[in-house]
Amino acid sequence: MKFGGTSVGTTLALTQLLSITLQERERWTRLLLVVSALEGVTDALIEAAYNAQMGNQRSYRRLVANLRMRHMALIEHIPLGQNERSALQGNVDSLLYEMLDACQRLAENPGESRQVALDSIIGVGEKLAARIVAALLRQNGLRSVAMDATDLIITDKVYGNATPNMELTRARIGAQLIPMMDRAIIPVVTGFIGSTTTGEPTTLGRGGSDYTASTLALCADADEVWIWSDVDGLMSADPREMPSATQIEHLTYDEAADLAYFGVRLLHSRMIEPLRMGQIPLQIRNIYRPQQAGTMVGSSRTNLISGVHAVTSIQALGFQAAQRGPLSLLAARVNETFLSKTGSQAEVMLTSQSSNQSFVCFVVPTSAGIDVTHMLQNAVLEDFRNYPQLAQWTIQPVSVITAVGYEMASIAEMSNVLAVLRAIPVLALTQHLSGSSISVVVEQTYAHGALAQLHELIVQKRVM
Ligand code: ASP
Ligand code: MG
């Protein structure tokens, strides 16, 4: 079971976590928890690391002091015995002290092993949360140990967005976690973090605790993965934008993977793959309504209904030119700008070239926050001034609207999608390899309309 930032951030949430764990303990012989940092903590850590690189000592010290206060206040408010409490306070202090030290070193040598330093700083939130949760479980009669995934999840060296090596990780899990679980101990593992084969700390990308959970599940041959958060499950659209959105009961792995990739922030974009590999079903559930079924992903369902099940919208930058030619310089420059402004790489969503036209679309990472497209557009334009070869490209903020469903690659579904969008100028259209989704690129002013039209396909089906 994975508990996200909103499920560990308050005493109320922790009470739910505890009662859910006590109950599930009775039903399963082996139980493993993965926890994220308390809500907002990773953002604060990223800010601290950024300030350290800039040499703003006062700012990062203030941020660390606030983090300390927040964790100490939580520890103060949960029912713990005196020994557990003071041990925990000591843990928080030493972890934050180490992290402050890393900030100081980064401030003094901003260039030197910067990536490693960043990942060690931003991963501390999960270590704090795991210790708090394990103490709470112990206090309530469960045998539980906080485990840092730096010893368990072995990754490549893509700092900030690492991918686990399943074989090496499986060996660690077999040696360290399985024997523990067999002694009825519930390990509470830090989400989000891992380390390279040489022991350098890495992180799995924002929202990476989901990926930790699915990686551990695959490597421990889990029967099921449950992701707990503060919403009922995945929705047919973002309910803030589409009030008629409803909860989705069931999705295939392909559908869930496409949804995660194309903008549903509830799931990490690469977390589905390990589950598909192990054929492990996933449930997404609400800690405040644990009796509710939530959304099921993957396990066999009998009523596979073709057609659209969910729609998403993400922001992107579209580049158009009346030319054909190599796109490598364009891609390299855009990527560089995105990386320096948002901390995440730009992903090419689709390119199309005809004899006299090119269109390339770069998705703005959802983790970069909303309303960043104009800022990025200006930054890219600014950068392009240094490259006269790129002068022909016009740039506009666009939206990528994706319809995810079953058998979306069929001609029938494709024409359904095009038919409902007939009044909307579509700049580009693509079908994804999974066969579970179709994306269209539209100017941002048409985004809501396109989303609403496509969502209507779902609503109509519901009525039928
Ligand atoms: N705490 C990390 C983040 O905020 C990982 C996670 O929440 O899954 O991105
Ligand atoms: Mg998340």
# chains A, B, ... in the order shown; residues from 1 in each chain; ligands from 1
>>> residues_around(residues="Phe3 of chain A", least_positions_apart="5", cutoff="7 Å", atoms="only C-alpha atoms", output="list in words")
Val8, Val34, Val35, Ser36, Ile227, Trp228 and Ser229 of chain A
>>> residues_near_ligand(ligand="ligand 2", cutoff="6 Å", atoms="only C-alpha atoms and all ligand atoms", output="PDB file with all heavy atoms, in the first residue's frame")
ATOM      1  N   GLY A   4       0.200   8.596  -0.252  1.00  0.00           N
ATOM      2  CA  GLY A   4       0.775   9.808  -0.835  1.00  0.00           C
ATOM      3  C   GLY A   4       0.892  10.935   0.177  1.00  0.00           C
ATOM      4  O   GLY A   4       0.513  10.782   1.347  1.00  0.00           O
ATOM      5  N   GLY A 207       6.340  12.869  -8.172  1.00  0.00           N
ATOM      6  CA  GLY A 207       5.264  11.887  -8.023  1.00  0.00           C
ATOM      7  C   GLY A 207       5.786  10.454  -8.027  1.00  0.00           C
ATOM      8  O   GLY A 207       5.032   9.495  -8.167  1.00  0.00           O
ATOM      9  N   LEU A 266      -2.547  12.279 -10.748  1.00  0.00           N
ATOM     10  CA  LEU A 266      -2.675  11.335  -9.639  1.00  0.00           C
ATOM     11  C   LEU A 266      -1.688  10.177  -9.766  1.00  0.00           C
ATOM     12  O   LEU A 266      -1.305   9.567  -8.780  1.00  0.00           O
ATOM     13  CB  LEU A 266      -4.113  10.818  -9.619  1.00  0.00           C
ATOM     14  CG  LEU A 266      -4.586  10.099  -8.372  1.00  0.00           C
ATOM     15  CD1 LEU A 266      -4.456  10.988  -7.153  1.00  0.00           C
ATOM     16  CD2 LEU A 266      -6.033   9.660  -8.522  1.00  0.00           C
ATOM     17  N   LEU A 267      -1.273   9.846 -10.981  1.00  0.00           N
ATOM     18  CA  LEU A 267      -0.366   8.712 -11.175  1.00  0.00           C
ATOM     19  C   LEU A 267       0.934   9.143 -11.847  1.00  0.00           C
ATOM     20  O   LEU A 267       0.915   9.913 -12.794  1.00  0.00           O
ATOM     21  CB  LEU A 267      -1.026   7.655 -12.071  1.00  0.00           C
ATOM     22  CG  LEU A 267      -2.238   6.913 -11.539  1.00  0.00           C
ATOM     23  CD1 LEU A 267      -2.711   5.909 -12.569  1.00  0.00           C
ATOM     24  CD2 LEU A 267      -1.911   6.208 -10.228  1.00  0.00           C
TER      25      LEU A 267
END
>>> residues_near_ligand(ligand="ligand 1", cutoff="8 Å", atoms="only C-alpha atoms and all ligand atoms", output="PDB file with all heavy atoms, in the first residue's frame")
ATOM      1  N   GLY A   4       0.200   8.596  -0.252  1.00  0.00           N
ATOM      2  CA  GLY A   4       0.775   9.808  -0.835  1.00  0.00           C
ATOM      3  C   GLY A   4       0.892  10.935   0.177  1.00  0.00           C
ATOM      4  O   GLY A   4       0.513  10.782   1.347  1.00  0.00           O
ATOM      5  N   GLY A   5       1.384  12.060  -0.282  1.00  0.00           N
ATOM      6  CA  GLY A   5       1.659  13.204   0.590  1.00  0.00           C
ATOM      7  C   GLY A   5       0.464  13.685   1.396  1.00  0.00           C
ATOM      8  O   GLY A   5       0.597  14.064   2.558  1.00  0.00           O
ATOM      9  N   SER A  36       5.080   8.777   0.753  1.00  0.00           N
ATOM     10  CA  SER A  36       5.650  10.003   0.165  1.00  0.00           C
ATOM     11  C   SER A  36       6.002  10.962   1.294  1.00  0.00           C
ATOM     12  O   SER A  36       5.603  10.753   2.440  1.00  0.00           O
ATOM     13  CB  SER A  36       4.618  10.713  -0.698  1.00  0.00           C
ATOM     14  OG  SER A  36       4.251   9.941  -1.789  1.00  0.00           O
ATOM     15  N   ALA A  37       6.670  12.034   0.930  1.00  0.00           N
ATOM     16  CA  ALA A  37       6.912  13.120   1.879  1.00  0.00           C
ATOM     17  C   ALA A  37       5.573  13.784   2.206  1.00  0.00           C
ATOM     18  O   ALA A  37       4.630  13.701   1.420  1.00  0.00           O
ATOM     19  CB  ALA A  37       7.843  14.139   1.240  1.00  0.00           C
ATOM     20  N   LEU A  38       5.489  14.449   3.364  1.00  0.00           N
ATOM     21  CA  LEU A  38       4.265  15.164   3.694  1.00  0.00           C
ATOM     22  C   LEU A  38       3.992  16.172   2.575  1.00  0.00           C
ATOM     23  O   LEU A  38       4.917  16.702   1.964  1.00  0.00           O
ATOM     24  CB  LEU A  38       4.384  15.951   5.007  1.00  0.00           C
ATOM     25  CG  LEU A  38       5.036  15.317   6.237  1.00  0.00           C
ATOM     26  CD1 LEU A  38       4.745  16.161   7.458  1.00  0.00           C
ATOM     27  CD2 LEU A  38       4.606  13.903   6.439  1.00  0.00           C
ATOM     28  N   GLU A  39       2.713  16.435   2.344  1.00  0.00           N
ATOM     29  CA  GLU A  39       2.322  17.292   1.235  1.00  0.00           C
ATOM     30  C   GLU A  39       3.094  18.623   1.242  1.00  0.00           C
ATOM     31  O   GLU A  39       3.202  19.276   2.271  1.00  0.00           O
ATOM     32  CB  GLU A  39       0.823  17.573   1.344  1.00  0.00           C
ATOM     33  CG  GLU A  39       0.254  18.127   0.085  1.00  0.00           C
ATOM     34  CD  GLU A  39      -1.218  18.471   0.235  1.00  0.00           C
ATOM     35  OE1 GLU A  39      -1.738  18.459   1.363  1.00  0.00           O
ATOM     36  OE2 GLU A  39      -1.830  18.752  -0.819  1.00  0.00           O
ATOM     37  N   GLY A  40       3.624  18.981   0.110  1.00  0.00           N
ATOM     38  CA  GLY A  40       4.320  20.270  -0.030  1.00  0.00           C
ATOM     39  C   GLY A  40       5.788  20.235   0.365  1.00  0.00           C
ATOM     40  O   GLY A  40       6.535  21.176   0.069  1.00  0.00           O
ATOM     41  N   VAL A  41       6.217  19.163   1.028  1.00  0.00           N
ATOM     42  CA  VAL A  41       7.591  19.131   1.537  1.00  0.00           C
ATOM     43  C   VAL A  41       8.617  19.041   0.391  1.00  0.00           C
ATOM     44  O   VAL A  41       9.637  19.726   0.403  1.00  0.00           O
ATOM     45  CB  VAL A  41       7.768  17.975   2.554  1.00  0.00           C
ATOM     46  CG1 VAL A  41       9.230  17.688   2.823  1.00  0.00           C
ATOM     47  CG2 VAL A  41       7.048  18.326   3.856  1.00  0.00           C
ATOM     48  N   THR A  42       8.313  18.216  -0.619  1.00  0.00           N
ATOM     49  CA  THR A  42       9.273  18.096  -1.729  1.00  0.00           C
ATOM     50  C   THR A  42       9.440  19.439  -2.452  1.00  0.00           C
ATOM     51  O   THR A  42      10.557  19.804  -2.837  1.00  0.00           O
ATOM     52  CB  THR A  42       8.834  16.987  -2.708  1.00  0.00           C
ATOM     53  OG1 THR A  42       8.589  15.800  -1.938  1.00  0.00           O
ATOM     54  CG2 THR A  42       9.906  16.692  -3.745  1.00  0.00           C
ATOM     55  N   ASP A  43       8.331  20.172  -2.616  1.00  0.00           N
ATOM     56  CA  ASP A  43       8.438  21.507  -3.238  1.00  0.00           C
ATOM     57  C   ASP A  43       9.380  22.385  -2.429  1.00  0.00           C
ATOM     58  O   ASP A  43      10.226  23.100  -2.991  1.00  0.00           O
ATOM     59  CB  ASP A  43       7.069  22.193  -3.299  1.00  0.00           C
ATOM     60  CG  ASP A  43       6.128  21.486  -4.276  1.00  0.00           C
ATOM     61  OD1 ASP A  43       6.619  20.999  -5.312  1.00  0.00           O
ATOM     62  OD2 ASP A  43       4.918  21.436  -4.001  1.00  0.00           O
ATOM     63  N   GLY A 123      15.302  14.256  -1.572  1.00  0.00           N
ATOM     64  CA  GLY A 123      14.758  12.968  -1.150  1.00  0.00           C
ATOM     65  C   GLY A 123      14.581  12.843   0.359  1.00  0.00           C
ATOM     66  O   GLY A 123      14.101  11.815   0.847  1.00  0.00           O
ATOM     67  N   GLY A 125      12.520  14.295   2.386  1.00  0.00           N
ATOM     68  CA  GLY A 125      11.131  14.347   2.860  1.00  0.00           C
ATOM     69  C   GLY A 125      10.554  12.957   3.080  1.00  0.00           C
ATOM     70  O   GLY A 125       9.823  12.710   4.048  1.00  0.00           O
ATOM     71  N   GLU A 126      10.872  12.031   2.192  1.00  0.00           N
ATOM     72  CA  GLU A 126      10.360  10.661   2.301  1.00  0.00           C
ATOM     73  C   GLU A 126      10.983   9.958   3.507  1.00  0.00           C
ATOM     74  O   GLU A 126      10.327   9.184   4.191  1.00  0.00           O
ATOM     75  CB  GLU A 126      10.656   9.889   1.018  1.00  0.00           C
ATOM     76  CG  GLU A 126       9.583   9.991  -0.072  1.00  0.00           C
ATOM     77  CD  GLU A 126       9.426  11.363  -0.717  1.00  0.00           C
ATOM     78  OE1 GLU A 126      10.339  12.205  -0.547  1.00  0.00           O
ATOM     79  OE2 GLU A 126       8.401  11.605  -1.370  1.00  0.00           O
ATOM     80  N   GLY A 191       9.159   6.363  -0.501  1.00  0.00           N
ATOM     81  CA  GLY A 191       8.905   6.452  -1.943  1.00  0.00           C
ATOM     82  C   GLY A 191       9.948   7.346  -2.594  1.00  0.00           C
ATOM     83  O   GLY A 191      10.835   7.888  -1.911  1.00  0.00           O
ATOM     84  N   PHE A 192       9.884   7.470  -3.923  1.00  0.00           N
ATOM     85  CA  PHE A 192      10.567   8.529  -4.668  1.00  0.00           C
ATOM     86  C   PHE A 192      12.078   8.368  -4.830  1.00  0.00           C
ATOM     87  O   PHE A 192      12.636   8.824  -5.810  1.00  0.00           O
ATOM     88  CB  PHE A 192      10.258   9.860  -3.955  1.00  0.00           C
ATOM     89  CG  PHE A 192      10.695  11.125  -4.624  1.00  0.00           C
ATOM     90  CD1 PHE A 192      10.476  11.340  -5.986  1.00  0.00           C
ATOM     91  CD2 PHE A 192      11.314  12.135  -3.886  1.00  0.00           C
ATOM     92  CE1 PHE A 192      10.859  12.549  -6.581  1.00  0.00           C
ATOM     93  CE2 PHE A 192      11.697  13.331  -4.470  1.00  0.00           C
ATOM     94  CZ  PHE A 192      11.460  13.542  -5.820  1.00  0.00           C
ATOM     95  N   GLY A 205      11.718  11.042 -10.308  1.00  0.00           N
ATOM     96  CA  GLY A 205      10.851  12.018 -10.971  1.00  0.00           C
ATOM     97  C   GLY A 205       9.708  12.387 -10.042  1.00  0.00           C
ATOM     98  O   GLY A 205       9.339  11.609  -9.161  1.00  0.00           O
ATOM     99  N   ARG A 206       9.120  13.592 -10.252  1.00  0.00           N
ATOM    100  CA  ARG A 206       8.054  14.042  -9.360  1.00  0.00           C
ATOM    101  C   ARG A 206       6.902  13.047  -9.343  1.00  0.00           C
ATOM    102  O   ARG A 206       6.559  12.457 -10.370  1.00  0.00           O
ATOM    103  CB  ARG A 206       7.545  15.437  -9.797  1.00  0.00           C
ATOM    104  CG  ARG A 206       8.536  16.564  -9.626  1.00  0.00           C
ATOM    105  CD  ARG A 206       9.153  16.661  -8.247  1.00  0.00           C
ATOM    106  NE  ARG A 206       8.221  16.752  -7.129  1.00  0.00           N
ATOM    107  CZ  ARG A 206       7.695  17.886  -6.688  1.00  0.00           C
ATOM    108  NH1 ARG A 206       8.004  19.024  -7.262  1.00  0.00           N
ATOM    109  NH2 ARG A 206       6.891  17.887  -5.643  1.00  0.00           N
ATOM    110  N   GLY A 207       6.340  12.869  -8.172  1.00  0.00           N
ATOM    111  CA  GLY A 207       5.264  11.887  -8.023  1.00  0.00           C
ATOM    112  C   GLY A 207       5.786  10.454  -8.027  1.00  0.00           C
ATOM    113  O   GLY A 207       5.032   9.495  -8.167  1.00  0.00           O
ATOM    114  N   GLY A 208       7.100  10.297  -7.832  1.00  0.00           N
ATOM    115  CA  GLY A 208       7.756   9.007  -8.031  1.00  0.00           C
ATOM    116  C   GLY A 208       7.427   7.922  -7.012  1.00  0.00           C
ATOM    117  O   GLY A 208       7.782   6.756  -7.232  1.00  0.00           O
ATOM    118  N   SER A 209       6.737   8.261  -5.926  1.00  0.00           N
ATOM    119  CA  SER A 209       6.425   7.214  -4.942  1.00  0.00           C
ATOM    120  C   SER A 209       5.516   6.134  -5.521  1.00  0.00           C
ATOM    121  O   SER A 209       5.573   4.972  -5.109  1.00  0.00           O
ATOM    122  CB  SER A 209       5.753   7.812  -3.705  1.00  0.00           C
ATOM    123  OG  SER A 209       6.589   8.780  -3.147  1.00  0.00           O
ATOM    124  N   ASP A 210       4.682   6.513  -6.476  1.00  0.00           N
ATOM    125  CA  ASP A 210       3.845   5.512  -7.154  1.00  0.00           C
ATOM    126  C   ASP A 210       4.740   4.483  -7.849  1.00  0.00           C
ATOM    127  O   ASP A 210       4.469   3.280  -7.836  1.00  0.00           O
ATOM    128  CB  ASP A 210       3.005   6.159  -8.269  1.00  0.00           C
ATOM    129  CG  ASP A 210       2.038   7.194  -7.760  1.00  0.00           C
ATOM    130  OD1 ASP A 210       1.655   7.119  -6.584  1.00  0.00           O
ATOM    131  OD2 ASP A 210       1.667   8.080  -8.557  1.00  0.00           O
ATOM    132  N   TYR A 211       5.770   5.006  -8.477  1.00  0.00           N
ATOM    133  CA  TYR A 211       6.708   4.155  -9.223  1.00  0.00           C
ATOM    134  C   TYR A 211       7.472   3.262  -8.243  1.00  0.00           C
ATOM    135  O   TYR A 211       7.725   2.082  -8.528  1.00  0.00           O
ATOM    136  CB  TYR A 211       7.645   5.085  -9.989  1.00  0.00           C
ATOM    137  CG  TYR A 211       8.415   4.487 -11.145  1.00  0.00           C
ATOM    138  CD1 TYR A 211       8.076   3.264 -11.716  1.00  0.00           C
ATOM    139  CD2 TYR A 211       9.493   5.185 -11.691  1.00  0.00           C
ATOM    140  CE1 TYR A 211       8.799   2.756 -12.788  1.00  0.00           C
ATOM    141  CE2 TYR A 211      10.212   4.697 -12.765  1.00  0.00           C
ATOM    142  CZ  TYR A 211       9.858   3.473 -13.304  1.00  0.00           C
ATOM    143  OH  TYR A 211      10.576   2.985 -14.366  1.00  0.00           O
ATOM    144  N   HIS A 268       2.028   8.585 -11.386  1.00  0.00           N
ATOM    145  CA  HIS A 268       3.334   8.825 -12.026  1.00  0.00           C
ATOM    146  C   HIS A 268       3.309   8.211 -13.433  1.00  0.00           C
ATOM    147  O   HIS A 268       2.794   7.102 -13.621  1.00  0.00           O
ATOM    148  CB  HIS A 268       4.410   8.164 -11.170  1.00  0.00           C
ATOM    149  CG  HIS A 268       5.806   8.345 -11.681  1.00  0.00           C
ATOM    150  ND1 HIS A 268       6.349   7.523 -12.629  1.00  0.00           N
ATOM    151  CD2 HIS A 268       6.764   9.250 -11.370  1.00  0.00           C
ATOM    152  CE1 HIS A 268       7.598   7.916 -12.893  1.00  0.00           C
ATOM    153  NE2 HIS A 268       7.864   8.965 -12.125  1.00  0.00           N
TER     154      HIS A 268
END
>>> residues_around(residues="Cys219 of chain A", least_positions_apart="4", cutoff="12 Å", atoms="only C-alpha atoms", output="ChimeraX atom specification")
/A:152-154,164-178,212-215,223,274-275,277-278,280
>>> closest_atom_pairs(of="segment 201-248 of chain A", to="segment 284-301 of chain A", cutoff="9 Å", atoms="only C-alpha atoms", output="JSON lines")
{"residue": "A:Val225", "atom": "CA", "partner": "A:Ile284", "partner_atom": "CA", "distance": 8.6}
{"residue": "A:Trp226", "atom": "CA", "partner": "A:Ile284", "partner_atom": "CA", "distance": 5.8}
{"residue": "A:Ile227", "atom": "CA", "partner": "A:Ile284", "partner_atom": "CA", "distance": 4.8}
{"residue": "A:Trp228", "atom": "CA", "partner": "A:Arg285", "partner_atom": "CA", "distance": 5.0}
{"residue": "A:Ser229", "atom": "CA", "partner": "A:Asn286", "partner_atom": "CA", "distance": 5.2}
{"residue": "A:Asp230", "atom": "CA", "partner": "A:Asn286", "partner_atom": "CA", "distance": 5.0}
{"residue": "A:Val231", "atom": "CA", "partner": "A:Asn286", "partner_atom": "CA", "distance": 5.1}
{"residue": "A:Asp232", "atom": "CA", "partner": "A:Asn286", "partner_atom": "CA", "distance": 4.8}
{"residue": "A:Gly233", "atom": "CA", "partner": "A:Gly294", "partner_atom": "CA", "distance": 4.8}
{"residue": "A:Leu234", "atom": "CA", "partner": "A:Thr295", "partner_atom": "CA", "distance": 6.1}
{"residue": "A:Met235", "atom": "CA", "partner": "A:Thr295", "partner_atom": "CA", "distance": 8.7}
{"residue": "A:Gln247", "atom": "CA", "partner": "A:Thr295", "partner_atom": "CA", "distance": 7.4}
{"residue": "A:Ile248", "atom": "CA", "partner": "A:Thr295", "partner_atom": "CA", "distance": 5.9}
>>> select_by_dssp(residues="segment 320-376 of chain A", states="strand (DSSP E or B)", output="list in words")
Gln320, Ala321, Glu347, Val348, Met349, Leu350, Thr351, Ser352, Gln353, Ser354, Gln357, Ser358, Phe359, Val360, Cys361, Phe362 and Val363 of chain A
>>> residues_around(residues="Ser269 of chain A", least_positions_apart="3", cutoff="7 Å", atoms="only C-alpha atoms", output="PDB file with C-alpha atoms, in the first residue's frame")
ATOM      1  CA  ALA A 257      -0.548   4.252 -18.575  1.00  0.00           C
ATOM      2  CA  ALA A 260      -0.843   8.939 -16.430  1.00  0.00           C
ATOM      3  CA  TYR A 261       1.332  10.004 -19.334  1.00  0.00           C
TER       4      TYR A 261
END
>>> closest_residue(among="A:Ala450, A:Ala129, A:Gly435, A:Pro365", to="Ala419 of chain A", atoms="only C-alpha atoms")
A:Ala450
>>> closest_residue(among="A:Leu390, A:Ile395, A:Leu67, A:Ile305", to="Gly318 of chain A", atoms="only C-alpha atoms")
A:Ile395
>>> atom_distance(atom1="atom CA of Ser94 of chain A", atom2="atom CA of Glu108 of chain A")
21.1 Å
>>> residues_around(residues="segment 181-189 of chain A", least_positions_apart="2", cutoff="9 Å", atoms="only C-alpha atoms", output="short mmCIF file (atom, residue, chain, number, x, y, z; two decimals) with N, CA, C and O atoms, in the first residue's frame")
data_model
loop_
_atom_site.label_atom_id
_atom_site.label_comp_id
_atom_site.auth_asym_id
_atom_site.auth_seq_id
_atom_site.Cartn_x
_atom_site.Cartn_y
_atom_site.Cartn_z
N ARG A 25 -3.78 -5.66 7.96
CA ARG A 25 -2.87 -6.60 8.63
C ARG A 25 -3.53 -7.96 8.87
O ARG A 25 -2.93 -9.01 8.79
N THR A 29 -0.82 -11.89 4.59
CA THR A 29 0.30 -12.42 5.37
C THR A 29 1.52 -11.51 5.25
O THR A 29 2.31 -11.41 6.17
N ARG A 30 1.66 -10.87 4.10
CA ARG A 30 2.78 -9.92 3.95
C ARG A 30 2.22 -8.56 3.55
O ARG A 30 1.42 -8.48 2.62
N LEU A 31 2.68 -7.55 4.24
CA LEU A 31 2.18 -6.20 3.98
C LEU A 31 3.37 -5.25 3.94
O LEU A 31 4.29 -5.34 4.77
N LEU A 32 3.34 -4.36 2.98
CA LEU A 32 4.47 -3.42 2.82
C LEU A 32 3.87 -2.04 2.55
O LEU A 32 2.95 -1.91 1.75
N LEU A 33 4.39 -1.02 3.22
CA LEU A 33 3.91 0.34 2.97
C LEU A 33 4.99 1.15 2.26
O LEU A 33 6.18 0.97 2.52
N VAL A 34 4.53 2.03 1.38
CA VAL A 34 5.42 3.02 0.76
C VAL A 34 4.84 4.38 1.09
O VAL A 34 3.63 4.56 0.99
N VAL A 35 5.67 5.31 1.53
CA VAL A 35 5.13 6.63 1.85
C VAL A 35 5.86 7.74 1.08
O VAL A 35 7.05 7.65 0.81
N GLU A 126 10.87 12.03 2.19
CA GLU A 126 10.36 10.66 2.30
C GLU A 126 10.98 9.96 3.51
O GLU A 126 10.33 9.18 4.19
N LYS A 127 12.27 10.25 3.77
CA LYS A 127 12.93 9.60 4.92
C LYS A 127 12.27 10.06 6.22
O LYS A 127 12.06 9.26 7.15
N ALA A 130 8.71 8.33 6.45
CA ALA A 130 8.75 6.89 6.74
C ALA A 130 9.00 6.65 8.23
O ALA A 130 8.41 5.75 8.84
N ARG A 131 9.86 7.46 8.82
CA ARG A 131 10.17 7.28 10.25
C ARG A 131 8.96 7.59 11.12
O ARG A 131 8.68 6.91 12.10
N VAL A 133 5.76 7.39 10.21
CA VAL A 133 4.72 6.36 10.04
C VAL A 133 5.12 5.06 10.77
O VAL A 133 4.30 4.45 11.46
N ALA A 134 6.38 4.65 10.65
CA ALA A 134 6.79 3.41 11.31
C ALA A 134 6.64 3.53 12.83
O ALA A 134 6.18 2.60 13.50
N LEU A 137 2.99 3.11 13.77
CA LEU A 137 2.54 1.71 13.71
C LEU A 137 3.05 0.93 14.92
O LEU A 137 2.32 0.16 15.55
N LEU A 142 1.97 -2.82 16.18
CA LEU A 142 2.43 -3.53 14.98
C LEU A 142 3.96 -3.55 14.99
O LEU A 142 4.60 -2.64 15.53
N ARG A 143 4.51 -4.58 14.37
CA ARG A 143 5.96 -4.59 14.23
C ARG A 143 6.28 -3.87 12.92
O ARG A 143 5.81 -4.28 11.86
N SER A 144 7.05 -2.81 12.99
CA SER A 144 7.27 -2.02 11.79
C SER A 144 8.65 -1.35 11.81
O SER A 144 9.14 -0.97 12.87
N VAL A 145 9.28 -1.26 10.62
CA VAL A 145 10.61 -0.64 10.53
C VAL A 145 10.63 0.30 9.33
O VAL A 145 10.16 -0.06 8.25
N ALA A 146 11.15 1.50 9.53
CA ALA A 146 11.32 2.44 8.41
C ALA A 146 12.53 2.00 7.59
O ALA A 146 13.58 1.69 8.14
N MET A 147 12.37 1.95 6.27
CA MET A 147 13.47 1.51 5.40
C MET A 147 13.72 2.58 4.33
O MET A 147 12.78 3.00 3.66
N ASP A 148 14.98 2.95 4.14
CA ASP A 148 15.31 3.89 3.07
C ASP A 148 15.51 3.14 1.77
O ASP A 148 16.32 2.20 1.71
N ALA A 149 14.80 3.57 0.73
CA ALA A 149 14.88 2.85 -0.55
C ALA A 149 16.23 3.03 -1.23
O ALA A 149 16.51 2.37 -2.22
N LEU A 177 13.89 -7.27 2.27
CA LEU A 177 12.50 -7.02 2.65
C LEU A 177 11.70 -8.29 2.91
O LEU A 177 10.94 -8.36 3.86
N ILE A 178 11.89 -9.29 2.04
CA ILE A 178 11.07 -10.50 2.17
C ILE A 178 11.30 -11.17 3.54
O ILE A 178 10.32 -11.49 4.23
N PRO A 179 12.56 -11.35 3.97
CA PRO A 179 12.74 -11.99 5.29
C PRO A 179 12.07 -11.20 6.41
O PRO A 179 11.52 -11.78 7.35
N GLY A 191 9.16 6.36 -0.50
CA GLY A 191 8.90 6.45 -1.94
C GLY A 191 9.95 7.35 -2.59
O GLY A 191 10.83 7.89 -1.91
N THR A 212 7.80 3.79 -7.08
CA THR A 212 8.44 2.97 -6.04
C THR A 212 7.53 1.81 -5.69
O THR A 212 7.96 0.65 -5.61
N ALA A 213 6.24 2.13 -5.49
CA ALA A 213 5.29 1.09 -5.08
C ALA A 213 5.19 0.01 -6.15
O ALA A 213 5.22 -1.19 -5.84
#
>>> select_by_dssp(residues="segment 237-360 of chain A", states="helix (DSSP H, G or I)", output="number ranges by chain")
A: 253-261, 272-278, 328-342
>>> atom_distance(atom1="atom CA of Ser313 of chain A", atom2="atom CA of Val360 of chain A")
17.4 Å
>>> atom_distance(atom1="atom CA of Leu80 of chain A", atom2="atom CA of Leu100 of chain A")
27.1 Å
>>> residues_around(residues="Leu45 of chain A", least_positions_apart="6", cutoff="12 Å", atoms="only C-alpha atoms", output="NGL selection string")
:A and (37-39 or 51-52 or 59-68 or 96 or 99-100 or 102-103 or 117-126)
>>> decode(residues="segment 240-249 of chain A", atoms="N, CA and C atoms", output="PDB file, in the first residue's frame")
ATOM      1  N   ARG A 240     -12.739  19.749 -11.965  1.00  0.00           N
ATOM      2  CA  ARG A 240     -12.765  21.216 -11.870  1.00  0.00           C
ATOM      3  C   ARG A 240     -13.090  21.827 -13.226  1.00  0.00           C
ATOM      4  N   GLU A 241     -12.717  21.091 -14.270  1.00  0.00           N
ATOM      5  CA  GLU A 241     -12.962  21.617 -15.601  1.00  0.00           C
ATOM      6  C   GLU A 241     -14.246  21.050 -16.213  1.00  0.00           C
ATOM      7  N   MET A 242     -14.613  19.861 -15.773  1.00  0.00           N
ATOM      8  CA  MET A 242     -15.742  19.156 -16.380  1.00  0.00           C
ATOM      9  C   MET A 242     -16.637  18.636 -15.258  1.00  0.00           C
ATOM     10  N   PRO A 243     -17.627  19.449 -14.846  1.00  0.00           N
ATOM     11  CA  PRO A 243     -18.436  19.052 -13.685  1.00  0.00           C
ATOM     12  C   PRO A 243     -19.169  17.731 -13.884  1.00  0.00           C
ATOM     13  N   SER A 244     -19.393  17.324 -15.130  1.00  0.00           N
ATOM     14  CA  SER A 244     -20.104  16.059 -15.341  1.00  0.00           C
ATOM     15  C   SER A 244     -19.164  14.852 -15.246  1.00  0.00           C
ATOM     16  N   ALA A 245     -17.907  15.079 -14.865  1.00  0.00           N
ATOM     17  CA  ALA A 245     -16.951  13.966 -14.774  1.00  0.00           C
ATOM     18  C   ALA A 245     -17.388  12.986 -13.687  1.00  0.00           C
ATOM     19  N   THR A 246     -17.167  11.701 -13.945  1.00  0.00           N
ATOM     20  CA  THR A 246     -17.498  10.703 -12.931  1.00  0.00           C
ATOM     21  C   THR A 246     -16.298   9.788 -12.708  1.00  0.00           C
ATOM     22  N   GLN A 247     -16.386   9.058 -11.624  1.00  0.00           N
ATOM     23  CA  GLN A 247     -15.283   8.160 -11.293  1.00  0.00           C
ATOM     24  C   GLN A 247     -15.241   6.979 -12.251  1.00  0.00           C
ATOM     25  N   ILE A 248     -14.026   6.559 -12.592  1.00  0.00           N
ATOM     26  CA  ILE A 248     -13.872   5.402 -13.476  1.00  0.00           C
ATOM     27  C   ILE A 248     -13.735   4.156 -12.602  1.00  0.00           C
ATOM     28  N   GLU A 249     -14.520   3.133 -12.922  1.00  0.00           N
ATOM     29  CA  GLU A 249     -14.455   1.924 -12.093  1.00  0.00           C
ATOM     30  C   GLU A 249     -13.280   1.046 -12.465  1.00  0.00           C
TER      31      GLU A 249
END
